[in-house]
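Engineer: For reference, the file run-v6.tsv (TSV, C-alpha atoms) is included below:
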```tsv
chain	number	residue	atom	x	y	z
A	1	MET	CA	-6.52	-23.01	57.10
A	2	LYS	CA	-4.48	-26.18	57.35
A	3	ARG	CA	-5.18	-29.64	55.92
A	4	CYS	CA	-3.94	-32.72	57.74
A	5	LYS	CA	-1.77	-34.81	55.42
A	6	ASN	CA	-2.64	-37.93	57.38
A	7	CYS	CA	-6.47	-37.84	57.49
A	8	GLY	CA	-7.35	-34.84	55.31
A	9	ALA	CA	-9.25	-32.95	58.02
A	10	ILE	CA	-9.41	-29.15	57.73
A	11	GLN	CA	-7.95	-27.32	60.72
A	12	SER	CA	-7.48	-23.74	61.91
A	13	ASP	CA	-4.19	-21.98	61.20
A	14	THR	CA	-3.56	-21.79	64.95
A	15	ARG	CA	-3.43	-25.59	65.29
A	16	SER	CA	-0.15	-27.44	65.11
A	17	VAL	CA	-1.62	-30.90	65.75
A	18	CYS	CA	-4.63	-32.47	64.02
A	19	LEU	CA	-7.73	-32.69	66.22
A	20	ASP	CA	-8.89	-35.88	64.49
A	21	CYS	CA	-5.80	-38.07	64.29
A	22	GLY	CA	-3.15	-36.24	66.31
A	23	ALA	CA	-0.67	-35.94	63.42
A	24	ALA	CA	1.53	-32.87	63.11
A	25	LEU	CA	0.14	-30.18	60.79
A	26	GLY	CA	2.27	-28.47	58.16
A	27	LYS	CA	2.07	-25.00	56.69
A	28	PRO	CA	-1.26	-23.25	56.03
A	29	MET	CA	-2.74	-23.78	52.55
A	30	SER	CA	-2.76	-21.03	49.96
A	31	GLU	CA	-5.57	-18.46	49.88
A	32	ALA	CA	-6.87	-19.81	46.57
A	33	GLU	CA	-7.15	-23.36	47.93
A	34	ALA	CA	-8.74	-22.12	51.17
A	35	SER	CA	-11.31	-20.09	49.20
A	36	ARG	CA	-12.12	-23.12	47.05
A	37	ILE	CA	-12.67	-25.34	50.09
A	38	GLU	CA	-14.82	-22.71	51.83
A	39	ALA	CA	-16.99	-22.38	48.71
A	40	ALA	CA	-17.40	-26.15	48.52
A	41	LEU	CA	-18.38	-26.29	52.20
A	42	ASP	CA	-20.88	-23.46	51.74
A	43	ASP	CA	-22.48	-25.28	48.79
A	44	LYS	CA	-22.68	-28.49	50.79
A	45	LEU	CA	-24.27	-26.78	53.78
A	46	GLU	CA	-26.74	-24.94	51.55
A	47	ASN	CA	-27.70	-28.19	49.84
A	48	MET	CA	-28.21	-29.89	53.22
A	49	SER	CA	-30.38	-26.97	54.31
A	50	ASP	CA	-32.49	-27.23	51.16
A	51	ARG	CA	-33.04	-30.96	51.61
A	52	THR	CA	-34.36	-30.43	55.13
A	53	ASP	CA	-36.69	-27.68	53.94
A	54	ASP	CA	-40.39	-28.49	54.31
A	55	PHE	CA	-40.91	-27.67	50.63
A	56	TYR	CA	-37.86	-29.34	49.14
A	57	VAL	CA	-38.72	-30.64	45.64
A	58	PRO	CA	-37.17	-34.09	45.05
A	59	PHE	CA	-36.31	-35.31	41.56
A	60	ARG	CA	-39.42	-37.51	41.52
A	61	ASP	CA	-41.70	-34.51	41.97
A	62	LYS	CA	-39.81	-32.51	39.35
A	63	LEU	CA	-40.27	-35.35	36.88
A	64	MET	CA	-43.97	-35.63	37.71
A	65	GLY	CA	-44.35	-31.87	37.26
A	66	VAL	CA	-42.82	-32.04	33.79
A	67	LEU	CA	-45.10	-34.98	32.95
A	68	CYS	CA	-48.04	-32.82	34.06
A	69	ILE	CA	-47.08	-30.23	31.45
A	70	PHE	CA	-46.91	-32.89	28.75
A	71	GLY	CA	-50.21	-34.33	29.99
A	72	ILE	CA	-51.93	-30.94	29.71
A	73	ALA	CA	-50.54	-30.53	26.17
A	74	ALA	CA	-51.77	-34.02	25.27
A	75	ALA	CA	-55.24	-33.25	26.66
A	76	ILE	CA	-55.47	-30.00	24.70
A	77	LEU	CA	-54.40	-31.82	21.53
A	78	LEU	CA	-57.01	-34.48	22.23
A	79	ILE	CA	-59.75	-31.84	22.50
A	80	VAL	CA	-58.68	-30.29	19.19
A	81	LEU	CA	-58.55	-33.62	17.35
A	82	ALA	CA	-61.80	-34.90	18.87
A	83	GLY	CA	-63.54	-31.64	17.98
A	84	ALA	CA	-62.37	-31.90	14.37
A	85	ALA	CA	-63.53	-35.52	14.20
A	86	LYS	CA	-66.94	-34.53	15.62
A	87	GLU	CA	-67.34	-31.88	12.95
A	88	LYS	CA	-66.83	-34.49	10.24
A	89	LEU	CA	-69.37	-36.81	11.85
A	90	GLY	CA	-71.86	-33.94	12.22
A	91	ASP	CA	-72.70	-34.22	8.52
A	92	VAL	CA	-73.64	-37.88	8.93
A	93	ILE	CA	-75.62	-37.72	12.19
A	94	PRO	CA	-78.69	-35.45	12.53
A	95	ASP	CA	-78.80	-33.01	15.45
A	96	GLY	CA	-80.05	-34.47	18.73
A	97	VAL	CA	-79.62	-38.12	17.78
A	98	THR	CA	-76.60	-38.72	19.99
A	99	ALA	CA	-78.58	-37.56	23.03
A	100	ILE	CA	-81.36	-40.02	22.21
A	101	VAL	CA	-78.94	-42.86	21.65
A	102	GLY	CA	-77.81	-42.87	25.26
A	103	SER	CA	-81.32	-43.46	26.65
A	104	ASN	CA	-83.20	-45.27	23.88
A	105	PHE	CA	-80.73	-46.81	21.46
A	106	GLU	CA	-83.05	-49.46	20.07
A	107	GLY	CA	-85.74	-46.88	19.32
A	108	VAL	CA	-83.34	-44.80	17.31
A	109	LEU	CA	-82.33	-47.80	15.26
A	110	THR	CA	-85.95	-48.66	14.52
A	111	ASN	CA	-87.15	-45.17	13.66
A	112	GLU	CA	-83.98	-43.89	11.99
A	113	ALA	CA	-82.68	-46.93	10.08
A	114	GLU	CA	-80.64	-44.79	7.74
A	115	ILE	CA	-78.38	-43.57	10.53
A	116	ASP	CA	-74.99	-45.28	10.68
A	117	VAL	CA	-74.77	-46.97	14.09
A	118	ASP	CA	-70.97	-46.92	14.10
A	119	SER	CA	-71.00	-43.16	13.50
A	120	ILE	CA	-73.28	-42.68	16.49
A	121	ARG	CA	-71.05	-44.79	18.70
A	122	ARG	CA	-68.01	-42.92	17.44
A	123	MET	CA	-69.64	-39.59	18.25
A	124	ASN	CA	-70.40	-40.74	21.79
A	125	ALA	CA	-66.82	-41.98	22.23
A	126	LEU	CA	-65.48	-38.60	21.07
A	127	ASP	CA	-67.75	-36.80	23.54
A	128	ASP	CA	-66.44	-38.98	26.36
A	129	ALA	CA	-62.85	-38.45	25.22
A	130	MET	CA	-63.30	-34.67	25.38
A	131	ARG	CA	-64.80	-34.93	28.88
A	132	TYR	CA	-61.80	-36.95	30.05
A	133	ALA	CA	-59.47	-34.39	28.48
A	134	ILE	CA	-61.17	-31.54	30.36
A	135	ILE	CA	-60.93	-33.48	33.64
A	136	ALA	CA	-57.25	-34.16	32.91
A	137	ILE	CA	-56.49	-30.48	32.31
A	138	ILE	CA	-58.16	-29.47	35.58
A	139	CYS	CA	-56.41	-32.16	37.64
A	140	LEU	CA	-52.98	-31.64	36.11
A	141	ALA	CA	-53.28	-27.84	36.34
A	142	VAL	CA	-53.80	-28.31	40.09
A	143	ALA	CA	-50.99	-30.86	40.50
A	144	CYS	CA	-48.29	-29.22	38.36
A	145	PRO	CA	-47.60	-26.05	40.41
A	146	MET	CA	-47.91	-27.98	43.67
A	147	LEU	CA	-45.26	-30.43	42.46
A	148	LEU	CA	-42.84	-27.88	41.00
A	149	PHE	CA	-43.43	-24.84	43.24
A	150	PRO	CA	-44.79	-26.09	46.59
A	151	LYS	CA	-43.27	-23.25	48.60
A	152	PHE	CA	-44.82	-20.57	46.36
A	153	MET	CA	-48.20	-22.34	46.39
A	154	TRP	CA	-48.09	-22.48	50.20
A	155	PHE	CA	-47.27	-18.76	50.22
A	156	LEU	CA	-50.34	-18.04	48.06
A	157	ASP	CA	-52.54	-20.30	50.20
A	158	THR	CA	-51.54	-18.51	53.39
A	159	LEU	CA	-51.20	-14.97	52.04
A	160	LYS	CA	-54.45	-13.69	53.55
A	161	TYR	CA	-53.45	-15.01	56.99
A	162	ARG	CA	-50.08	-13.27	56.74
A	163	MET	CA	-51.58	-9.97	55.60
A	164	PHE	CA	-54.71	-9.66	57.74
A	165	TYR	CA	-54.15	-11.80	60.83
A	166	GLY	CA	-50.37	-11.99	61.28
A	167	TRP	CA	-50.60	-15.72	61.93
A	168	ASP	CA	-47.65	-18.07	61.94
A	169	THR	CA	-48.01	-19.97	58.68
A	170	THR	CA	-45.39	-22.64	59.25
A	171	PRO	CA	-46.98	-25.86	57.93
A	172	SER	CA	-47.62	-28.73	60.28
A	173	ASP	CA	-46.57	-32.27	59.39
A	174	PHE	CA	-50.22	-33.13	58.81
A	175	ALA	CA	-50.66	-30.20	56.41
A	176	LEU	CA	-47.59	-31.22	54.42
A	177	TYR	CA	-48.71	-34.85	54.31
A	178	LEU	CA	-52.24	-33.90	53.24
A	179	ARG	CA	-50.97	-31.60	50.48
A	180	LYS	CA	-48.78	-34.40	49.14
A	181	ILE	CA	-51.74	-36.79	49.08
A	182	VAL	CA	-53.98	-34.27	47.29
A	183	THR	CA	-51.20	-33.48	44.81
A	184	TYR	CA	-50.53	-37.13	43.97
A	185	ILE	CA	-54.26	-37.90	43.67
A	186	ALA	CA	-54.70	-34.96	41.28
A	187	TYR	CA	-51.66	-36.10	39.30
A	188	GLY	CA	-52.85	-39.70	39.11
A	189	GLY	CA	-56.40	-38.71	38.19
A	190	GLY	CA	-55.16	-36.33	35.51
A	191	MET	CA	-52.78	-38.78	33.87
A	192	LEU	CA	-55.39	-41.57	34.00
A	193	SER	CA	-57.94	-39.25	32.38
A	194	VAL	CA	-55.51	-38.43	29.56
A	195	ILE	CA	-54.90	-42.12	28.92
A	196	CYS	CA	-58.63	-42.94	28.98
A	197	GLY	CA	-59.39	-40.02	26.67
A	198	TRP	CA	-56.84	-41.09	24.07
A	199	PHE	CA	-58.01	-44.69	24.37
A	200	LEU	CA	-61.56	-43.59	23.55
A	201	TYR	CA	-60.33	-41.40	20.70
A	202	PHE	CA	-58.60	-44.30	18.99
```
Rewrite the coordinates I just gave you, this time as structure tokens.
Structural biologist:
Amino acid sequence: MKRCKNCGAIQSDTRSVCLDCGAALGKPMSEAEASRIEAALDDKLENMSDRTDDFYVPFRDKLMGVLCIFGIAAAILLIVLAGAAKEKLGDVIPDGVTAIVGSNFEGVLTNEAEIDVDSIRRMNALDDAMRYAIIAIICLAVACPMLLFPKFMWFLDTLKYRMFYGWDTTPSDFALYLRKIVTYIAYGGGMLSVICGWFLYF
């Protein structure tokens, strides 16, 4: 391989004049330098190929996938803390009262005056926080692998068609677009549920 000293273009050893600028080419470069340039070109071409792949994972999706993992951990922690807080309140509130509170709050206050109203409200808030945490775990568990491993998830989705029908499972533009929408909705719903759950906990 030869490198043009005038414009830097890489040429074949058989060339004596640069194809790009017409300048005279010197001696061929050393084998070590040629190998280094070929490796760099291979890496560049491979990177370009990856970026045009239907399932290329951009940095934004990688970041969102990592946030999904943290969101799931936060939701699990919320369930643990809310459960512990409910156990402490269980000694103050008789069984079944929280269910009555939702439908007939005034009646409970009249008939059970000794019950601490703030404790009842706190118990209901903890129940809601745990529900939000469960929703968050489900949504983020769906979004996380689709964000980080879209190609593998597509493979799993289409495995039965590959095995039993021999269908072409190349995704259409509509399928890719729809999967992105579902993934982002699941991510947004999961993260919002985590935030709402912690808000209710505090």
Engineer: Between atom CA of A:Gly71 and atom CA of A:Phe202, what is the distance, to one decimal in Å?
Structural biologist: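 If I compute the distance from atom CA of A:Gly71 to atom CA of A:Phe202, I get 17.1 Å.
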Engineer: Step by step, gather every atom of stretch 137-148 of chain A that the file lists, find the box along x, y and z that holds them, add 6 Å on each side, and finally give centre and edge lengths in Å to one decimal, as lines of an AutoDock Vina configuration file.
Structural biologist:
```
center_x = -50.5
center_y = -29.1
center_z = 38.0
size_x = 27.3
size_y = 18.1
size_z = 23.4
```
Engineer: In Å, rounded to a single decimal, give me how far atom CA of A:Val194 is from atom CA of A:Met153.
Structural biologist: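 We find that atom CA of A:Met153 and atom CA of A:Val194 lie 24.4 Å from each other.
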Engineer: Between A:Ala85, A:Val17, A:Val80, A:Leu178, which residue has the minimum interatomic distance to A:Arg122, considering only C-alpha atoms?
Structural biologist: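 Nearest candidate to A:Arg122 out of A:Ala85, A:Val17, A:Val80, A:Leu178: A:Ala85.
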Engineer: Between A:Cys18, A:Met163, A:Leu147, A:Ile181, which residue has the minimum interatomic distance to A:Phe59, considering only C-alpha atoms?
Structural biologist: A:Leu147
Engineer: Which value, in Å to one decimal, gives the distance between atom CA of A:Ser172 and atom CA of A:Val57?
Structural biologist: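 Taking atom CA of A:Ser172 as the start and atom CA of A:Val57 as the end point, the length is 17.2 Å.
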Engineer: Given the choices A:Ile72, A:Leu200, A:Ala141, A:Met191, which gets closest to A:Leu126 if the distance is worked out from all atoms listed in the file?
Structural biologist: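 Using all atoms listed in the file, A:Leu126 sits closest to A:Leu200.
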Engineer: For A:Thr183, find every residue with an atom within 8 Å (counting all atoms listed in the file), except residues of its own chain fewer than 5 positions away, and show them as a list in words.
Structural biologist: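 Everything that qualifies: Val142, Ala143, Met146 and Leu147 of chain A.
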Engineer: So that I can see what lies close to A:Asp54, please list as a list in words the residues with an atom at most 10 Å from it, counting all atoms listed in the file and leaving out residues fewer than 3 positions away in the same chain.
Structural biologist: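 In the requested format, the answer is Asp50, Arg51, Val57, Pro150, Lys151, Thr170, Pro171, Ser172, Asp173 and Leu176 of chain A.
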Engineer: Between A:Ser35, A:Thr158, A:Ser119, A:Ser193, which one has atoms that come closest to A:Ile134, using only C-alpha atoms?
Structural biologist: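 Of A:Ser35, A:Thr158, A:Ser119, A:Ser193, the one nearest A:Ile134 is A:Ser193, counting only C-alpha atoms.
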Engineer: Could you list, as a PyMOL selection string, every residue within 8 Å of A:Cys139, counting all atoms listed in the file and ignoring same-chain residues fewer than 2 positions away?
Structural biologist: chain A and resi 135-137+141-143+186-187+189-190
Engineer: Quick one: of A:Ala175, A:Ile120, A:Ile76, A:Cys4, who's nearest to A:Leu25, counting all atoms listed in the file?
Structural biologist: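 Ranked by minimum distance to A:Leu25, first place goes to A:Cys4.
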Engineer: Considering only C-alpha atoms, state which residue in the set A:Met1, A:Val117, A:Leu89, A:Leu78 is at the smallest distance from A:Met29.
Structural biologist: A:Met1
